Each structure stands twice: as C-alpha cells, then as structure tokens.
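Peer 1: Here you go, this is start_1.cif (mmCIF, C-alpha atoms).
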```cif
data_upload
loop_
_atom_site.label_atom_id
_atom_site.label_comp_id
_atom_site.auth_asym_id
_atom_site.auth_seq_id
_atom_site.Cartn_x
_atom_site.Cartn_y
_atom_site.Cartn_z
CA MET G 6 192.36 157.02 213.68
CA ASN G 7 195.75 158.52 212.89
CA ASP G 8 197.39 158.74 209.50
CA SER G 9 199.32 155.50 210.00
CA SER G 10 196.14 153.45 210.02
CA TRP G 11 195.80 154.10 206.25
CA GLY G 12 198.96 152.17 205.55
CA ALA G 13 202.08 153.39 203.84
CA PRO G 14 202.50 157.09 203.07
CA PRO G 15 201.46 158.20 199.64
CA GLN G 16 203.82 157.40 196.85
CA ALA G 17 204.97 159.66 194.15
CA GLY G 18 202.21 160.41 191.66
CA TYR G 19 199.41 160.11 194.20
CA TRP G 20 197.03 163.09 194.33
CA GLY G 21 195.97 163.38 197.93
CA PRO G 22 193.64 165.89 199.47
CA SER G 23 196.45 168.29 200.35
CA ASP G 24 198.83 167.57 197.49
CA GLN G 25 199.64 170.32 195.06
CA GLY G 26 200.59 167.88 192.29
CA PRO G 27 202.69 164.79 191.56
CA VAL G 28 206.20 164.55 192.90
CA GLN G 29 208.57 165.06 190.05
CA GLY G 30 211.29 162.51 189.32
CA ALA G 31 209.92 159.73 191.55
CA GLY G 32 209.42 156.13 190.63
CA PRO G 33 206.21 154.50 189.57
CA ALA G 34 203.23 155.00 191.78
CA GLY G 35 202.76 152.33 194.44
CA PRO G 36 199.59 150.98 195.99
CA ALA G 37 197.41 153.47 197.79
CA TYR G 38 197.00 151.28 200.90
CA ASP G 39 199.05 148.73 202.82
CA ALA G 40 198.62 145.05 202.13
CA HIS G 41 198.20 144.52 205.88
CA TYR G 42 194.78 146.07 205.66
CA ALA G 43 193.83 144.54 202.35
CA GLN G 44 191.35 142.15 203.94
CA GLN G 45 189.63 144.94 205.86
CA THR G 46 188.98 147.31 202.97
CA ARG G 47 187.10 147.17 199.77
CA PRO G 48 188.93 146.78 196.49
CA MET G 49 189.83 150.04 194.79
CA PRO G 50 187.87 150.63 191.58
CA ILE G 51 189.73 151.02 188.36
CA VAL G 52 189.12 154.57 187.18
CA PRO G 53 190.32 155.53 183.73
CA ASP G 54 192.82 158.31 183.57
CA VAL G 55 191.73 161.54 181.89
CA PRO G 56 194.55 163.39 180.17
CA GLU G 57 195.00 167.03 181.03
CA HIS G 58 195.71 169.72 178.44
CA GLY G 59 195.32 167.19 175.67
CA GLY G 60 198.35 165.10 176.85
CA ASP G 61 198.84 161.33 177.04
CA GLN G 62 198.23 159.08 180.01
CA ASP G 63 201.76 159.75 181.36
CA ASP G 64 203.44 163.10 181.02
CA ASP G 65 207.00 163.84 179.96
CA GLN G 66 208.52 162.80 183.27
CA GLY G 67 206.71 159.46 183.26
CA THR G 68 204.61 160.35 186.27
CA ALA G 69 201.37 158.41 186.58
CA ARG G 70 198.08 160.12 187.47
CA LEU G 71 194.98 159.09 189.26
CA SER G 72 191.91 160.98 188.11
CA GLY G 73 189.22 159.32 190.22
CA PRO G 74 188.48 159.09 193.97
CA LEU G 75 190.29 156.69 196.15
CA PHE G 76 187.06 154.80 196.96
CA ARG G 77 183.78 154.78 195.06
CA ASP G 78 181.85 156.35 197.97
CA GLU G 79 184.55 158.85 199.00
CA PRO G 80 184.93 161.70 196.50
CA PHE G 81 187.70 164.24 196.62
CA HIS G 82 186.82 167.43 198.45
CA ASP G 83 188.79 169.66 196.17
CA GLN G 84 187.61 168.17 192.90
CA PRO G 85 183.96 167.67 191.72
CA VAL G 86 182.68 164.23 190.89
CA ARG G 87 181.75 163.90 187.22
CA ASP G 88 178.30 162.41 187.76
CA GLU G 89 176.87 165.24 189.92
CA PRO G 90 177.31 169.02 189.98
CA TYR G 91 179.75 170.71 192.25
CA ARG G 92 178.36 172.11 195.49
CA ASP G 93 180.16 174.70 197.54
CA PRO G 94 180.15 173.60 201.20
CA SER G 95 179.72 177.20 202.42
CA PRO G 96 176.19 177.94 203.70
CA SER G 97 175.76 181.10 201.64
CA ALA G 98 176.68 179.48 198.35
CA GLN G 99 174.03 178.88 195.72
CA PRO G 100 173.69 175.48 194.05
CA TYR G 101 175.43 175.07 190.77
CA ALA G 102 172.16 174.54 188.93
CA ALA G 103 170.86 177.90 190.18
CA VAL G 104 173.55 179.87 188.38
CA PRO G 105 171.79 181.67 185.50
CA GLN G 106 172.83 180.46 182.12
CA ASN G 107 172.40 183.92 180.52
CA PRO G 108 173.42 186.41 183.21
CA GLU G 109 172.50 190.06 182.88
CA PRO G 110 175.36 192.27 181.68
CA MET G 111 177.13 194.40 184.23
CA PRO G 112 175.72 197.91 184.56
CA ASP G 113 178.95 199.49 183.39
CA ALA G 114 179.59 196.94 180.67
CA PRO G 115 179.35 198.23 177.10
CA GLN G 116 175.91 197.43 175.74
CA PRO G 117 175.55 196.01 172.25
CA ALA G 118 174.56 198.58 169.68
CA GLN G 119 170.81 198.68 169.09
CA SER G 120 169.93 198.16 165.49
CA GLN G 121 168.10 201.25 164.30
CA PRO G 122 165.18 200.72 161.90
CA PRO G 123 165.75 202.17 158.46
CA PRO G 124 164.26 205.66 158.05
CA GLN G 125 160.84 205.57 156.47
CA LYS G 126 160.19 207.60 153.42
CA LYS G 127 157.35 210.02 153.21
CA SER G 128 154.23 208.39 152.00
CA ALA G 129 151.75 210.03 149.67
CA GLY G 130 148.90 208.23 151.34
CA ARG G 131 147.53 206.83 148.06
CA ASP G 132 148.52 204.44 145.32
CA LEU G 133 150.30 206.89 143.03
CA GLY G 134 150.59 204.37 140.19
CA ALA G 135 146.85 203.80 140.11
CA ALA G 136 146.16 207.51 140.57
CA ILE G 137 148.36 208.48 137.63
CA GLY G 138 146.93 205.75 135.42
CA VAL G 139 143.33 206.74 136.15
CA GLY G 140 144.17 210.43 135.71
CA VAL G 141 145.75 209.82 132.30
CA GLY G 142 142.75 207.72 131.22
CA LEU G 143 140.29 210.41 132.27
CA GLY G 144 142.37 213.04 130.50
CA VAL G 145 142.29 211.10 127.24
CA VAL G 146 138.48 210.71 127.41
CA ILE G 147 138.01 214.40 128.21
CA ILE G 148 140.32 215.69 125.50
CA ALA G 149 138.86 213.35 122.87
CA SER G 150 135.27 214.30 123.66
CA LEU G 151 136.13 217.99 124.07
CA PHE G 152 137.70 218.52 120.66
CA VAL G 153 135.69 216.03 118.58
CA VAL G 154 132.05 216.82 119.31
CA LYS G 155 131.01 219.32 121.97
CA ALA G 156 127.75 217.50 122.62
CA VAL G 157 129.69 214.41 123.66
CA PHE G 158 131.51 216.43 126.28
CA VAL G 159 128.18 217.75 127.56
CA GLY G 160 127.19 214.12 128.03
CA VAL G 161 130.44 213.50 129.97
CA ILE G 162 129.59 216.39 132.30
CA ALA G 163 126.05 215.07 132.82
CA VAL G 164 127.30 211.57 133.65
CA ALA G 165 129.84 212.95 136.14
CA VAL G 166 127.07 215.00 137.77
CA VAL G 167 124.72 212.03 138.16
CA VAL G 168 127.47 209.80 139.62
CA GLY G 169 128.55 212.58 141.98
CA LEU G 170 124.96 213.05 143.19
CA TRP G 171 124.65 209.31 143.78
CA GLU G 172 127.85 209.25 145.86
CA LEU G 173 126.83 212.28 147.91
CA THR G 174 123.25 211.16 148.67
CA THR G 175 124.42 207.61 149.46
CA ARG G 176 126.98 208.82 151.99
CA LEU G 177 124.43 211.18 153.57
CA GLN G 178 122.00 208.31 154.08
CA GLU G 179 124.65 205.89 155.33
CA ARG G 180 126.29 208.21 157.82
CA LYS G 181 123.56 210.66 158.85
CA ASP G 182 120.34 208.90 157.84
CA ILE G 183 119.51 211.87 155.58
CA LYS G 184 117.33 210.76 152.65
CA ALA G 185 117.86 213.35 149.94
CA PRO G 186 115.73 212.19 146.93
CA LEU G 187 118.13 210.99 144.24
CA VAL G 188 115.69 210.58 141.34
CA PRO G 189 114.63 214.25 140.99
CA LEU G 190 118.20 215.33 141.69
CA ALA G 191 119.66 213.13 138.94
CA ILE G 192 117.06 214.10 136.33
CA GLY G 193 117.15 217.77 137.26
CA GLY G 194 120.96 217.81 137.41
CA ALA G 195 121.37 216.40 133.90
CA ALA G 196 118.72 218.83 132.61
CA MET G 197 120.55 221.69 134.29
CA VAL G 198 123.79 220.92 132.44
CA VAL G 199 122.03 220.68 129.06
CA ALA G 200 120.06 223.87 129.72
CA GLY G 201 123.22 225.77 130.63
CA TYR G 202 124.92 224.68 127.41
CA ALA G 203 121.87 225.46 125.23
CA ARG G 204 120.44 228.56 126.95
CA GLY G 205 123.27 229.93 129.03
CA ALA G 206 122.90 231.29 132.56
CA GLU G 207 119.16 231.90 132.12
CA GLY G 208 118.51 228.29 131.24
CA ALA G 209 120.67 227.08 134.13
CA TRP G 210 118.72 229.13 136.68
CA VAL G 211 115.37 227.95 135.39
CA ALA G 212 116.51 224.32 135.53
CA MET G 213 117.80 224.87 139.05
CA ALA G 214 114.42 226.23 140.20
CA LEU G 215 112.52 223.34 138.65
CA THR G 216 114.88 220.82 140.25
CA ALA G 217 114.34 222.37 143.69
CA LEU G 218 110.56 222.18 143.23
CA ALA G 219 110.81 218.54 142.16
CA VAL G 220 112.81 217.72 145.31
CA LEU G 221 110.14 219.32 147.54
CA VAL G 222 107.30 217.43 145.86
CA TRP G 223 109.10 214.08 145.65
CA ARG G 224 109.85 214.03 149.35
CA MET G 225 106.13 214.46 150.14
CA THR G 226 105.56 210.81 149.26
CA GLU G 227 107.46 209.82 152.43
CA PRO G 228 106.42 210.25 156.10
CA PRO G 229 106.75 213.82 157.36
CA GLU G 230 109.40 212.97 159.95
CA GLY G 231 112.69 214.48 158.76
CA TYR G 232 111.09 216.27 155.79
CA LEU G 233 112.85 219.60 156.36
CA ARG G 234 116.19 217.89 156.89
CA ASP G 235 115.89 215.79 153.71
CA VAL G 236 114.76 218.59 151.39
CA THR G 237 117.44 220.92 152.73
CA ALA G 238 120.07 218.31 151.93
CA GLY G 239 118.48 217.84 148.48
CA LEU G 240 118.64 221.57 147.69
CA PHE G 241 122.26 221.70 148.86
CA ALA G 242 123.15 218.75 146.63
CA ALA G 243 121.39 220.36 143.62
CA PHE G 244 123.39 223.55 144.01
CA TYR G 245 126.70 221.97 144.96
CA VAL G 246 127.01 219.44 142.15
CA PRO G 247 124.92 220.11 139.01
CA PHE G 248 124.49 223.87 139.24
CA LEU G 249 128.20 224.59 139.66
CA ALA G 250 129.00 222.07 136.92
CA THR G 251 126.67 223.97 134.59
CA PHE G 252 129.28 226.75 134.30
CA VAL G 253 131.59 224.29 132.53
CA ALA G 254 128.86 223.71 129.93
CA MET G 255 128.41 227.48 129.63
CA MET G 256 132.14 227.90 128.93
CA LEU G 257 131.88 225.19 126.30
CA ALA G 258 129.07 227.05 124.50
CA ALA G 259 131.45 229.85 123.36
CA ASP G 260 133.10 229.76 119.92
CA ASP G 261 136.44 228.87 121.47
CA GLY G 262 134.68 226.94 124.22
CA ALA G 263 136.88 223.85 123.93
CA TRP G 264 139.99 225.91 124.63
CA ARG G 265 138.35 227.72 127.52
CA VAL G 266 137.40 224.45 129.14
CA LEU G 267 140.90 223.13 128.52
CA VAL G 268 142.44 226.17 130.22
CA PHE G 269 140.06 225.72 133.15
CA LEU G 270 141.03 222.05 133.53
CA ILE G 271 144.76 222.71 133.13
CA LEU G 272 144.83 225.47 135.75
CA THR G 273 142.87 223.41 138.28
CA VAL G 274 145.02 220.30 137.80
CA VAL G 275 148.26 222.32 137.91
CA SER G 276 147.10 224.06 141.09
CA ASP G 277 146.39 220.72 142.78
CA THR G 278 149.70 219.29 141.56
CA GLY G 279 151.71 222.28 142.76
CA ALA G 280 150.04 222.18 146.17
CA TYR G 281 150.76 218.47 146.50
CA ALA G 282 154.38 218.62 145.26
CA VAL G 283 155.47 221.64 147.29
CA GLY G 284 153.48 220.65 150.38
CA TRP G 285 154.83 217.09 150.36
CA ARG G 286 158.43 218.26 150.00
CA PHE G 287 158.54 221.49 152.01
CA GLY G 288 155.26 221.59 153.96
CA ARG G 289 155.69 222.43 157.66
CA LYS G 290 152.94 224.84 158.73
CA LYS G 291 149.40 223.48 158.67
CA LEU G 292 146.86 225.43 156.65
CA ALA G 293 143.66 224.17 158.29
CA PRO G 294 144.58 221.34 160.69
CA ARG G 295 141.03 220.89 162.00
CA ILE G 296 139.64 220.40 158.49
CA SER G 297 142.43 218.84 156.44
CA PRO G 298 145.64 218.07 158.40
CA GLY G 299 147.55 217.24 155.21
CA LYS G 300 147.32 220.72 153.70
CA THR G 301 150.05 223.24 154.45
CA ARG G 302 150.67 226.91 153.83
CA GLU G 303 153.70 226.02 151.78
CA GLY G 304 151.47 223.84 149.63
CA LEU G 305 149.11 226.78 149.05
CA LEU G 306 152.04 228.93 147.94
CA GLY G 307 153.08 226.16 145.57
CA ALA G 308 149.55 226.02 144.15
CA VAL G 309 149.56 229.79 143.58
CA ALA G 310 152.98 229.79 141.91
CA PHE G 311 152.24 226.85 139.63
CA ALA G 312 148.77 228.11 138.67
CA MET G 313 149.95 231.64 137.94
CA VAL G 314 152.72 230.44 135.62
CA ALA G 315 150.35 228.04 133.86
CA GLY G 316 147.69 230.76 133.62
CA ALA G 317 150.07 233.23 131.99
CA LEU G 318 151.14 230.66 129.40
CA CYS G 319 147.60 229.46 128.68
CA MET G 320 146.07 232.91 128.28
CA GLN G 321 148.94 234.04 126.09
CA PHE G 322 148.96 231.06 123.70
CA LEU G 323 145.60 229.27 123.94
CA ILE G 324 142.94 231.98 124.31
CA ASP G 325 142.27 234.52 121.56
CA ASP G 326 142.80 238.12 122.70
CA GLY G 327 144.17 236.87 126.03
CA THR G 328 147.30 238.28 127.66
CA TRP G 329 149.81 236.91 130.14
CA TRP G 330 148.88 239.29 132.98
CA GLN G 331 145.27 238.14 132.74
CA GLY G 332 146.54 234.62 133.07
CA LEU G 333 148.46 235.55 136.22
CA LEU G 334 145.29 236.89 137.81
CA ILE G 335 143.20 233.90 136.72
CA GLY G 336 145.86 231.51 138.04
CA LEU G 337 145.88 233.25 141.42
CA VAL G 338 142.09 233.08 141.74
CA VAL G 339 142.02 229.45 140.57
CA ALA G 340 144.57 228.42 143.22
CA VAL G 341 142.48 230.02 145.96
CA SER G 342 139.10 228.68 144.74
CA ALA G 343 140.46 225.18 144.16
CA THR G 344 141.93 225.09 147.67
CA LEU G 345 138.67 226.34 149.19
CA GLY G 346 136.72 223.74 147.23
CA ASP G 347 139.03 220.99 148.47
CA LEU G 348 138.66 222.21 152.05
CA GLY G 349 134.88 222.43 151.65
CA GLU G 350 134.58 218.79 150.64
CA SER G 351 137.04 217.81 153.38
CA MET G 352 134.70 219.50 155.85
CA ILE G 353 131.78 217.45 154.54
CA LYS G 354 133.73 214.20 154.72
CA ARG G 355 134.97 214.99 158.22
CA ASP G 356 131.42 215.63 159.35
CA LEU G 357 130.36 212.33 157.80
CA GLY G 358 133.37 210.50 159.25
CA ILE G 359 134.67 209.15 155.93
CA LYS G 360 137.93 209.41 154.01
CA ASP G 361 136.59 209.27 150.44
CA MET G 362 133.19 209.83 148.90
CA GLY G 363 133.48 206.63 146.87
CA THR G 364 135.76 203.98 145.43
CA LEU G 365 134.98 204.26 141.74
CA LEU G 366 138.38 205.69 140.77
CA PRO G 367 141.37 203.69 142.13
CA GLY G 368 143.95 205.97 143.70
CA HIS G 369 141.51 208.91 143.73
CA GLY G 370 138.43 207.76 145.61
CA GLY G 371 135.13 208.67 144.04
CA ILE G 372 133.97 211.10 141.35
CA MET G 373 133.22 213.70 144.03
CA ASP G 374 136.81 213.45 145.24
CA ARG G 375 137.90 214.71 141.81
CA LEU G 376 135.14 217.30 141.41
CA ASP G 377 135.81 218.96 144.77
CA SER G 378 138.23 221.56 143.39
CA LEU G 379 136.69 221.74 139.91
CA LEU G 380 133.14 222.64 140.94
CA PRO G 381 133.81 225.94 142.80
CA THR G 382 136.48 226.92 140.26
CA ALA G 383 134.15 226.66 137.24
CA PRO G 384 132.04 229.79 137.91
CA VAL G 385 135.18 231.80 138.78
CA VAL G 386 136.96 230.97 135.51
CA TRP G 387 133.76 231.45 133.48
CA LEU G 388 133.24 234.92 134.96
CA LEU G 389 136.86 236.07 134.51
CA LEU G 390 136.96 234.85 130.92
CA VAL G 391 133.75 236.70 130.18
CA ILE G 392 135.24 239.87 131.69
CA PHE G 393 138.60 239.59 129.91
CA VAL G 394 137.71 238.24 126.45
CA GLY G 395 133.90 238.31 126.31
CA SER G 396 131.27 235.60 126.19
CA GLY G 397 132.35 234.47 122.71
#
```
Translate this structure into structure tokens?

Peer 2:
Amino acid sequence: MNDSSWGAPPQAGYWGPSDQGPVQGAGPAGPAYDAHYAQQTRPMPIVPDVPEHGGDQDDDQGTARLSGPLFRDEPFHDQPVRDEPYRDPSPSAQPYAAVPQNPEPMPDAPQPAQSQPPPQKKSAGRDLGAAIGVGVGLGVVIIASLFVVKAVFVGVIAVAVVVGLWELTTRLQERKDIKAPLVPLAIGGAAMVVAGYARGAEGAWVAMALTALAVLVWRMTEPPEGYLRDVTAGLFAAFYVPFLATFVAMMLAADDGAWRVLVFLILTVVSDTGAYAVGWRFGRKKLAPRISPGKTREGLLGAVAFAMVAGALCMQFLIDDGTWWQGLLIGLVVAVSATLGDLGESMIKRDLGIKDMGTLLPGHGGIMDRLDSLLPTAPVVWLLLVIFVGSG
C-alpha cells in the first residue's frame, strides 16, 4: 500500500512518525484520514491533549496538538505509550524495568564523605563516682576509729582480715577447687592482729605458728586427697593476709601510733593515685604486660614522685623527730612495695582467671583489691619508722 491509500496528506498540526513538530502558521488541523475510506476504518479515539512545558491546549500560534496514537492499537514508534514502559527495539537493549533504581556511582565520581565516629575518651575501666564515694566513706571510718579509740581500729583491721580471707579462700575453691580451711584461718587471723597489737612482733609470730598448726589439724577431718595442696594454700593465706596486716597493729601500738598509721595510709594511697593519674595521662611503655597490662613505667615514676613528696611532708610535720629526707626515702620504698603488692595480687587473679577478688566495694572490687598494696607495704613502713624514730 502506498502513502495515498491513507487519504489526504497530513495537515498542519499533525504529528506523524517522521515529523519534527507542527507546521507553524497553518490553519486548523484537518481530519487524519479521507472520508472516502471512512467506512473501511475504525473511528479514531478521542485522546485528551497533554500540554507541554506547562502550556495550554493550544500554543501561542494557535496550533493544535495530538498527543495520542492515531489508532488505539497502533502506537507511535518514536513516543512511548503511557500504559506500558518503553522498550528499545534494539536486540542488545535491556528492558526498562531492569534499569537499576539506585545505580552504583561511577568509579571516578566523588564519593560522599564518610561520617567519622567521634573520638572516644580514655576510660578508667571502673565507676569513678562509686570508687570515690566508697573511698571517702572508708577514709571517714578509718580516721574516726584511728583517733578516737585505738582498740576500735584494731577491730577494723581484724574485720578486714577476716573478709579478705573469706574472699581469697572462696575464689581458690571456685576457680581451682582448692579447699583452704576458712574457720581456723579466720580465728587465727583475728588472734594474730590482736596479739601483734598487745605483744608486738613476738606475739604475732606465736599467733602465726598456732594458726598454721590449726590449719594442718583442721584439714585432717577431710579425705586425704588434695591434703598437701589445701594446707599449702591455707599457710599461704595465713601469711599473706593476717600476718602482714599485723604490722599495722604493731605500728598502732606506739605512743604516736595513730600518726604512724596515718602516714602509712597516706603514702600508700598517694602512691596508687600518682601511678593511676600519671599512667592514665602519659603512660606508653608497659611495666609488666604479662601480669598487669594496665600498668606502665610512666605510672611507676608518677607513684615514686607523688609518694616521695608526700613522705617528705608527712615525716616533717606529722611524725615526732622525723625529717624530710627520711620521708623521701620512705616514699620511694612505699612506691616500690605498693607496686609489687599490686602486681602480686594481679598475678594471683590472672592465675585464677578473675578480674576482682570480690564485689563488696562498688568501684573497687573486694576488700582484697584494696589490701593488695597495703599488705606488703605495712612491714616496710613499720621497719623504717622503727629505724628512723624508734619503736615509740
């Protein structure tokens, strides 16, 4: 069929398949087919005009537009039908629906800036608010009992010893199945503290020997399996907790015993505080990473500096016949002994696979977690004070 079979040529305003647009300045659009063939064709559907670029139905020149296909079943080939997606006739083209809605950015396209998380502050690892509150509360109890009635402070030492023994023996049984007898240890430990206060070093040694004997006998009531292991742990616990604590009671027995104990407590606390403050702020080199990864050499230097300054001030103003240079030496030794005591308990806890010995003191752990640096420091301070200013 040639072009003439479709009737008259297209009028102005008709958008044919090869038209580039409406003919400007022409008259109104005529019919799209000749009346001669009207009986042989289907009626043309009425398709509403869609304005382009927000314009009206007719543009400025009065040219009419047809926006739909000529017949319902014959869509334009250069314009997609509204009711179905456009399909490219080329074989290699992908369907319209297969085009990804969120395409990947081009490799050389600028990538959006990644939001960086805010830098995290150094964490102390414990609840500092609870730790400070508990520390202040313990300090008030100690100071009140220390300067009111000495016997009350002896009772405080004995209670701390019994609780520390309970924590230690409980952890040994839980983690290693070591059954160190608590009853003879608790009774003997309290007696050891009282004997050291009343009879000095001689009384402390006698109480220590009797406690060891009681541990050996008490364990005989159990089956022999593990006897050597249990009594060895019991003897270690008797020496580690009550015997070392007895030197605090021996310091207290002097005429100025309350001040001696206060100096001992101040130097130990200041040493721990200096190690923590300097190590947390400037610590880089590990002191003993296999035992306590948190301790640094810088922290040890901070402990020494803080303890020496505090020792000089305490010996000069709190201890009769004491001098500042003696305080420097005592502060140095206290910093070393307190650090070794802390490392010693860390070694025990690492062997047991625990972080704290107990949970009695919020922010601190257990009683043993506070006695770790005090216990080995007590005999050192007692001995140096006896050498420098006498037994009192």

Peer 1: For stretch 255-289 of chain G against stretch 309-322 of chain G, with a cut-off of 9 Å and counting only C-alpha atoms, what is the closest atom pair and its distance in Å to one decimal for every residue that makes the cut, ordered by chain and number, as CSV?

Peer 2:
```
residue,atom,partner,partner_atom,distance
G:Val268,CA,G:Cys319,CA,6.3
G:Ile271,CA,G:Ala315,CA,7.8
G:Leu272,CA,G:Ala312,CA,5.6
G:Thr273,CA,G:Ala312,CA,7.6
G:Val274,CA,G:Ala312,CA,8.7
G:Val275,CA,G:Ala312,CA,5.9
G:Ser276,CA,G:Ala312,CA,5.0
G:Asp277,CA,G:Ala312,CA,8.8
G:Thr278,CA,G:Phe311,CA,8.2
G:Gly279,CA,G:Phe311,CA,5.6
G:Ala280,CA,G:Val309,CA,8.1
```

Peer 1: Can you list, as a list in words, the residues that the PyMOL selection byres ((chain G and resi 155) around 10) selects here?

Peer 2: Ala149, Ser150, Leu151, Phe152, Val153, Val154, Ala156, Val157, Phe158, Val159, Gly160, Val161, Tyr202, Ala254, Leu257, Ala258, Gly262 and Ala263 of chain G

Peer 1: I'd like to know which of G:Val166, G:Leu249, G:Ile353, G:Val236 is closest to G:Ala185, using all atoms listed in the file.

Peer 2: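 Using all atoms listed in the file, G:Ala185 sits closest to G:Val236.
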
Peer 1: Extract, using all atoms listed in the file, all DNA, RNA and protein residues at most 12 Å from G:Glu179, discarding same-chain residues fewer than 6 positions from it, and format them as a PDB file with C-alpha atoms, in the coordinates of the input.

Peer 2:
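File around15.pdb, as written:
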```
ATOM      1  CA  GLU G 172     127.850 209.250 145.860  1.00  0.00           C
ATOM      2  CA  LEU G 173     126.830 212.280 147.910  1.00  0.00           C
ATOM      3  CA  ALA G 185     117.860 213.350 149.940  1.00  0.00           C
ATOM      4  CA  LEU G 357     130.360 212.330 157.800  1.00  0.00           C
ATOM      5  CA  GLY G 358     133.370 210.500 159.250  1.00  0.00           C
ATOM      6  CA  ILE G 359     134.670 209.150 155.930  1.00  0.00           C
ATOM      7  CA  MET G 362     133.190 209.830 148.900  1.00  0.00           C
TER       8      MET G 362
END
```

Peer 1: Would you mind reading off the distance between atom CA of G:Arg234 and atom CA of G:Asp356, one decimal, in Å?

Peer 2: 15.6 Å

Peer 1: Quick one: residues within 12 Å of G:Ala163, all atoms listed in the file, excluding same-chain residues fewer than 3 positions away - as a VMD selection string?

Peer 2: chain G and resid 156 to 160 166 to 170 190 to 202 246 to 251 253 to 254

Peer 1: Counting only C-alpha atoms, which of G:Ala308, G:Met256, G:Leu267, G:Leu376 gets nearest to G:Leu390?

Peer 2: G:Met256
